[in-house]
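Next up, work-v8.cif (mmCIF, C-alpha atoms):
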```cif
data_work
loop_
_atom_site.label_atom_id
_atom_site.label_comp_id
_atom_site.auth_asym_id
_atom_site.auth_seq_id
_atom_site.Cartn_x
_atom_site.Cartn_y
_atom_site.Cartn_z
CA MET J 22 4.20 123.75 -7.35
CA PRO J 23 5.32 120.39 -8.79
CA LEU J 24 7.64 118.32 -6.60
CA LEU J 25 10.56 118.46 -9.05
CA SER J 26 10.36 122.25 -9.18
CA MET J 27 10.33 122.44 -5.40
CA LEU J 28 13.37 120.16 -5.16
CA GLN J 29 15.23 122.25 -7.72
CA ASP J 30 14.25 125.73 -6.54
CA MET J 31 14.17 125.22 -2.76
CA PRO J 32 17.54 123.97 -1.47
CA ALA J 33 16.33 123.57 2.13
CA PHE J 34 13.40 121.45 0.98
CA PHE J 35 15.70 119.38 -1.24
CA VAL J 36 18.12 118.67 1.63
CA SER J 37 15.25 117.75 3.97
CA PHE J 38 13.64 115.54 1.36
CA VAL J 39 16.87 113.64 0.68
CA ALA J 40 17.53 113.27 4.43
CA ILE J 41 14.09 111.67 4.89
CA ILE J 42 14.80 109.34 1.96
CA GLY J 43 18.12 108.54 3.61
CA LEU J 44 16.31 107.69 6.85
CA MET J 45 14.16 105.13 5.02
CA ILE J 46 17.16 103.79 3.11
CA GLY J 47 18.97 103.42 6.44
CA SER J 48 16.19 101.07 7.60
CA PHE J 49 16.73 98.96 4.48
CA LEU J 50 20.51 99.00 4.99
CA ASN J 51 19.93 97.45 8.41
CA VAL J 52 18.18 94.57 6.65
CA VAL J 53 21.10 94.13 4.26
CA ILE J 54 23.65 94.36 7.09
CA TYR J 55 21.93 91.57 9.01
CA ARG J 56 20.76 89.32 6.19
CA LEU J 57 23.51 89.41 3.57
CA PRO J 58 26.17 87.72 5.78
CA GLU J 59 23.59 85.10 6.79
CA MET J 60 22.75 84.50 3.12
CA MET J 61 26.46 84.07 2.40
CA LYS J 62 26.80 81.62 5.30
CA ARG J 63 23.89 79.52 4.04
CA ASN J 64 25.35 79.49 0.55
CA TRP J 65 28.75 78.34 1.86
CA LEU J 66 27.14 75.55 3.90
CA GLN J 67 25.20 74.41 0.86
CA GLN J 68 28.35 74.36 -1.27
CA CYS J 69 30.24 72.41 1.41
CA ALA J 70 27.42 69.86 1.60
CA GLU J 71 27.51 69.43 -2.18
CA LEU J 72 31.31 68.96 -2.17
CA HIS J 73 31.00 66.24 0.49
CA GLY J 74 28.21 64.53 -1.40
CA GLU J 75 25.74 65.07 1.39
CA ALA J 76 22.05 65.25 0.78
CA ASN J 77 20.99 68.78 0.05
CA LYS J 78 18.28 69.66 2.55
CA ALA J 79 15.75 72.20 1.38
CA LEU J 80 16.19 75.27 3.58
CA PRO J 81 13.45 77.86 4.12
CA THR J 82 13.68 80.83 1.78
CA PHE J 83 15.93 83.51 3.23
CA ASN J 84 16.79 86.64 1.28
CA LEU J 85 16.49 90.41 1.61
CA ILE J 86 12.71 90.23 1.32
CA THR J 87 11.62 86.88 2.75
CA PRO J 88 10.85 86.12 5.57
CA ARG J 89 9.44 89.11 7.41
CA SER J 90 11.69 90.79 9.95
CA GLU J 91 11.34 89.34 13.44
CA CYS J 92 12.76 89.63 16.93
CA ILE J 93 15.89 87.46 17.18
CA HIS J 94 14.87 86.44 20.71
CA CYS J 95 11.15 85.59 20.64
CA LYS J 96 10.57 85.48 16.83
CA HIS J 97 7.84 88.11 17.07
CA LYS J 98 7.04 89.41 13.58
CA ILE J 99 7.86 93.11 13.31
CA THR J 100 4.77 95.11 12.41
CA ALA J 101 4.74 98.16 10.16
CA TRP J 102 4.43 100.64 13.03
CA GLU J 103 7.34 98.92 14.82
CA ASN J 104 9.51 99.44 11.75
CA ILE J 105 9.36 103.24 11.46
CA PRO J 106 13.00 104.45 11.42
CA ILE J 107 14.20 105.83 14.79
CA VAL J 108 10.64 106.74 15.89
CA SER J 109 9.71 103.13 16.63
CA TYR J 110 12.93 102.57 18.55
CA LEU J 111 12.26 105.58 20.74
CA PHE J 112 8.59 104.71 21.23
CA LEU J 113 9.46 101.12 22.24
CA HIS J 114 12.28 102.38 24.50
CA GLY J 115 14.70 100.20 22.55
CA ARG J 116 12.97 96.92 23.47
CA CYS J 117 10.86 94.27 21.72
CA SER J 118 7.14 94.90 22.20
CA GLN J 119 6.54 91.23 23.11
CA CYS J 120 9.52 89.81 25.04
CA HIS J 121 11.03 93.20 25.99
CA ALA J 122 14.52 92.06 24.96
CA ARG J 123 16.83 94.94 24.18
CA ILE J 124 17.06 95.98 20.51
CA SER J 125 20.56 96.72 19.28
CA LEU J 126 21.44 100.41 19.23
CA ARG J 127 23.02 99.75 15.84
CA TYR J 128 19.63 100.05 14.10
CA PRO J 129 18.82 103.69 14.96
CA ILE J 130 22.49 104.66 14.62
CA VAL J 131 22.67 103.33 11.04
CA GLU J 132 19.38 105.07 10.20
CA ALA J 133 20.49 108.37 11.72
CA VAL J 134 23.96 108.30 10.11
CA THR J 135 22.46 107.44 6.72
CA ALA J 136 19.97 110.30 7.00
CA LEU J 137 22.62 112.82 8.08
CA LEU J 138 25.10 111.83 5.39
CA SER J 139 22.36 111.82 2.74
CA GLY J 140 21.31 115.32 3.73
CA PHE J 141 24.93 116.46 3.71
CA VAL J 142 25.41 115.02 0.21
CA ALA J 143 22.31 116.91 -0.98
CA TRP J 144 23.61 120.15 0.55
CA TYR J 145 27.16 119.70 -0.75
CA TYR J 146 26.39 118.60 -4.33
CA GLY J 147 23.00 120.23 -4.84
CA TYR J 148 20.21 119.19 -7.13
CA GLY J 149 21.48 117.03 -10.01
CA VAL J 150 22.18 113.56 -11.32
CA ILE J 151 25.62 113.45 -9.68
CA THR J 152 23.90 113.62 -6.27
CA ILE J 153 22.09 110.35 -7.02
CA ALA J 154 25.41 108.70 -7.84
CA VAL J 155 27.04 110.01 -4.66
CA LEU J 156 24.12 108.76 -2.56
CA ILE J 157 24.48 105.25 -4.00
CA PHE J 158 28.22 105.38 -3.23
CA VAL J 159 27.65 106.59 0.34
CA TRP J 160 24.90 104.06 1.09
CA ALA J 161 27.04 101.18 -0.17
CA LEU J 162 30.02 102.32 1.92
CA ILE J 163 27.90 102.56 5.08
CA THR J 164 26.65 99.02 4.53
CA LEU J 165 30.14 97.65 3.94
CA ALA J 166 31.58 99.41 6.99
CA VAL J 167 28.98 98.00 9.39
CA ILE J 168 29.09 94.48 7.91
CA ASP J 169 32.87 94.48 8.26
CA LEU J 170 32.61 95.67 11.87
CA ASN J 171 30.17 92.87 12.69
CA THR J 172 31.61 89.96 10.70
CA GLN J 173 35.04 90.94 9.28
CA LEU J 174 33.53 90.40 5.83
CA LEU J 175 33.30 92.71 2.81
CA PRO J 176 30.84 90.94 0.49
CA ASP J 177 31.63 90.74 -3.22
CA ASP J 178 27.91 91.24 -3.80
CA ILE J 179 28.46 94.90 -2.87
CA THR J 180 32.14 95.68 -3.58
CA LEU J 181 32.24 94.37 -7.16
CA PRO J 182 29.04 96.08 -8.41
CA LEU J 183 30.25 99.23 -6.65
CA LEU J 184 33.48 99.07 -8.65
CA TRP J 185 31.70 98.66 -12.02
CA VAL J 186 29.18 101.40 -11.24
CA GLY J 187 32.06 103.73 -10.35
CA LEU J 188 33.65 103.16 -13.73
CA LEU J 189 30.31 103.75 -15.48
CA VAL J 190 29.73 106.99 -13.55
CA ASN J 191 33.13 108.25 -14.67
CA MET J 192 32.54 107.38 -18.33
CA ASN J 193 31.20 110.93 -18.64
CA ASN J 194 33.61 112.52 -16.13
CA GLY J 195 31.34 112.14 -13.11
CA PHE J 196 34.07 112.58 -10.48
CA THR J 197 37.14 112.16 -12.66
CA ASP J 198 38.02 111.05 -16.19
CA ILE J 199 37.70 107.38 -17.11
CA GLN J 200 41.47 106.94 -17.42
CA SER J 201 42.00 108.10 -13.85
CA ALA J 202 39.12 105.86 -12.70
CA VAL J 203 40.57 102.75 -14.36
CA ILE J 204 44.04 103.47 -12.98
CA GLY J 205 42.46 104.11 -9.58
CA ALA J 206 40.69 100.74 -9.64
CA VAL J 207 43.89 98.88 -10.57
CA ALA J 208 46.13 100.86 -8.21
CA GLY J 209 43.66 100.52 -5.34
CA TYR J 210 43.69 96.74 -5.60
CA LEU J 211 47.40 96.29 -6.21
CA SER J 212 48.51 98.66 -3.46
CA LEU J 213 46.88 96.69 -0.65
CA TRP J 214 47.60 93.38 -2.40
CA SER J 215 51.32 94.26 -2.37
CA ILE J 216 51.21 95.24 1.31
CA TYR J 217 49.37 92.00 2.09
CA TRP J 218 52.04 89.81 0.47
CA CYS J 219 54.96 91.76 1.90
CA PHE J 220 53.51 91.41 5.39
CA LYS J 221 52.76 87.71 4.87
CA LEU J 222 56.26 86.95 3.58
CA LEU J 223 57.85 88.80 6.51
CA THR J 224 55.62 87.48 9.31
CA GLY J 225 53.89 84.41 7.92
CA LYS J 226 50.54 85.97 8.88
CA GLU J 227 47.73 87.55 6.90
CA GLY J 228 47.42 91.23 7.74
CA MET J 229 44.15 91.87 5.87
CA GLY J 230 41.59 90.19 3.67
CA TYR J 231 40.98 90.30 -0.07
CA GLY J 232 37.78 92.24 0.56
CA ASP J 233 39.89 95.23 1.57
CA PHE J 234 41.67 95.12 -1.82
CA LYS J 235 38.35 95.11 -3.65
CA LEU J 236 36.93 97.92 -1.53
CA LEU J 237 39.90 100.21 -2.19
CA SER J 238 39.69 99.27 -5.86
CA ALA J 239 36.03 100.37 -5.89
CA ILE J 240 36.95 103.62 -4.12
CA GLY J 241 39.66 104.24 -6.74
CA ALA J 242 37.15 103.58 -9.54
CA TRP J 243 34.85 106.26 -8.10
CA LEU J 244 37.30 108.93 -7.00
CA GLY J 245 40.30 108.34 -9.29
CA TRP J 246 43.89 107.40 -8.54
CA SER J 247 44.87 110.84 -7.20
CA MET J 248 42.62 110.37 -4.16
CA LEU J 249 44.05 106.98 -3.17
CA PRO J 250 47.06 108.32 -1.19
CA LEU J 251 44.68 110.49 0.82
CA VAL J 252 42.32 107.56 1.49
CA ILE J 253 45.17 105.26 2.52
CA LEU J 254 46.80 107.93 4.70
CA PHE J 255 43.70 108.80 6.72
CA SER J 256 42.45 105.21 6.97
CA SER J 257 45.87 104.04 8.17
CA LEU J 258 46.19 106.81 10.75
CA VAL J 259 42.73 106.26 12.20
CA GLY J 260 43.13 102.48 11.97
CA ALA J 261 46.45 102.59 13.82
CA ILE J 262 45.06 104.78 16.60
CA ALA J 263 41.94 102.62 16.97
CA GLY J 264 44.00 99.42 16.83
CA ILE J 265 46.32 100.55 19.59
CA GLY J 266 43.35 101.61 21.69
CA LEU J 267 41.61 98.25 21.19
CA MET J 268 44.76 96.31 22.04
CA LEU J 269 45.25 98.34 25.21
CA ALA J 270 41.62 97.77 26.17
CA ALA J 271 42.07 94.03 25.59
CA ARG J 272 45.27 93.85 27.63
CA LEU J 273 47.55 94.08 24.62
CA ASN J 274 46.18 90.98 22.85
CA LYS J 275 47.71 91.45 19.41
CA ASN J 276 45.73 88.54 17.92
CA ILE J 277 42.42 90.38 17.99
CA PRO J 278 41.24 90.86 14.37
CA ILE J 279 40.60 94.51 13.55
CA PRO J 280 38.49 95.16 10.43
CA PHE J 281 40.15 97.68 8.10
CA GLY J 282 37.08 98.29 5.94
CA PRO J 283 35.47 100.95 8.19
CA TYR J 284 38.70 102.98 8.14
CA LEU J 285 38.88 102.77 4.34
CA VAL J 286 35.27 103.98 4.27
CA GLY J 287 36.16 106.90 6.56
CA GLY J 288 39.08 107.80 4.31
CA ALA J 289 36.81 107.60 1.27
CA PHE J 290 34.32 110.02 2.85
CA ILE J 291 37.11 112.51 3.59
CA ALA J 292 38.36 112.24 0.01
CA LEU J 293 34.83 112.49 -1.39
CA PHE J 294 33.97 115.77 0.33
CA TRP J 295 37.32 117.43 1.01
CA GLY J 296 39.83 115.54 -1.13
CA GLU J 297 40.33 118.24 -3.75
CA LYS J 298 40.97 120.95 -1.16
CA LEU J 299 43.35 118.75 0.82
CA ASN J 300 45.28 117.75 -2.30
CA HIS J 301 45.55 121.38 -3.48
CA SER J 302 46.72 122.46 -0.03
CA TYR J 303 49.34 119.70 0.06
CA TYR J 304 50.66 120.34 -3.44
CA GLY J 305 50.59 124.08 -2.73
CA LEU J 306 53.33 123.54 -0.13
CA PHE J 307 55.69 122.64 -2.96
#
```
Could you render the structure from this file as structure tokens?
Amino acid sequence: MPLLSMLQDMPAFFVSFVAIIGLMIGSFLNVVIYRLPEMMKRNWLQQCAELHGEANKALPTFNLITPRSECIHCKHKITAWENIPIVSYLFLHGRCSQCHARISLRYPIVEAVTALLSGFVAWYYGYGVITIAVLIFVWALITLAVIDLNTQLLPDDITLPLLWVGLLVNMNNGFTDIQSAVIGAVAGYLSLWSIYWCFKLLTGKEGMGYGDFKLLSAIGAWLGWSMLPLVILFSSLVGAIAGIGLMLAARLNKNIPIPFGPYLVGGAFIALFWGEKLNHSYYGLF
């Protein structure tokens, strides 16, 4: 039986197949999570050097492909068998094969979460083109959430293409009509932008970054304006609870920066899978 027929006619096989693809994609997302902020840093340093008229030193090539992955402690080049998602981590007991330094638990967690969410998307949406679109959306959101947790950055290299792709997907009513998608993109940006300026005028401090505006704009472009209240509500509730917990753990230090991107991503996932039911239940009360 041809592979496409198996994927279409055997739901369990389709879900398993997509989960395995998600596991491999999760390994690649780990590369993006580590390297993209470093690429941004190098680009900023180069721009600063040019503005100050300093000699531009030729730096070694560093992108998502080059150089090969290596241990951050001993610079040991990661071999193919050491790069098998989750399996290699378990086999190596979470340590480098050469210097035995501990490998961050983030790597298998990202791979496992990506695989589980990918399988869930396949089960929820079934075989079809829309599933491919949802997978791209989910993979991008996972990447943004972890980068924001690590660096308090939400790279334009991901948020802006995600916004445009969301509008393109909805050209043919992928998740919503194009009018709702455009309004969602505009409303997503302006809602957090307005909160940002109100907070800054009242306190003189910046409560969030512009990356959060762009991320919510991208979410609005994918899911439509009607899902934005749900996304903001759940992300704010979870963010407030987590923020209070972190401040208590840090002896009430209110100056600790708390990334908001992961909470927006969590709200987007809730809206993506259960938004319609939650909205119908809410409106049904009235």
For atom CA of J:Leu293 and atom CA of J:Phe255, quote the distance in Å rounded to one decimal. 12.6 Å
Check which residues satisfy the PyMOL selection byres ((chain J and resi 238) around 8) in the file shown, then give them as a ChimeraX atom specification. /J:184,205-210,234-237,239-242
Picked residues, the PyMOL selection byres ((chain J and resi 45-62) around 10), as JSON, numbers by chain: {"J": [39, 40, 41, 42, 43, 44, 63, 64, 65, 66, 67, 68, 82, 83, 84, 85, 86, 90, 104, 105, 106, 107, 127, 128, 129, 130, 131, 132, 133, 134, 135, 136, 139, 160, 161, 163, 164, 165, 166, 167, 168, 169, 171, 172, 174, 175, 176, 178, 179]}
So, counting all atoms listed in the file, which residue among J:His301, J:Lys221, J:Lys96, J:Lys226 is closest to J:Leu251? J:His301
Enter the distance from atom CA of J:Gly282 to atom CA of J:Val203, in Å, rounded to one decimal.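 Separating atom CA of J:Gly282 from atom CA of J:Val203 is a distance of 21.1 Å.
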Given the file above and the PyMOL selection byres ((chain J and resi 97) around 12), which residues are selected, and can you give them as number ranges by chain? J: 89-96, 98-100, 103, 117-122
Quick check, in Å to one decimal: how far apart do atom CA of J:Val159 and atom CA of J:Phe290 lie?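 Taking atom CA of J:Val159 as the start and atom CA of J:Phe290 as the end point, the length is 7.9 Å.
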My list of candidates is J:Leu213, J:Gly187, J:Phe38, J:Phe112. Which is closest to J:Leu285 when distances are computed with all atoms listed in the file? J:Leu213
From the options J:Pro32, J:Pro280, J:Gly245, J:Gly296, which residue's atoms come nearest to J:Gly260, counting all atoms listed in the file?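 Under the stated criterion, the closest residue is J:Pro280.
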Contacts of J:Gln29 at 12 Å or less, counting all atoms listed in the file, minus same-chain residues fewer than 2 places along, as a ChimeraX atom specification? /J:22-27,31-36,38,143-144,147-150
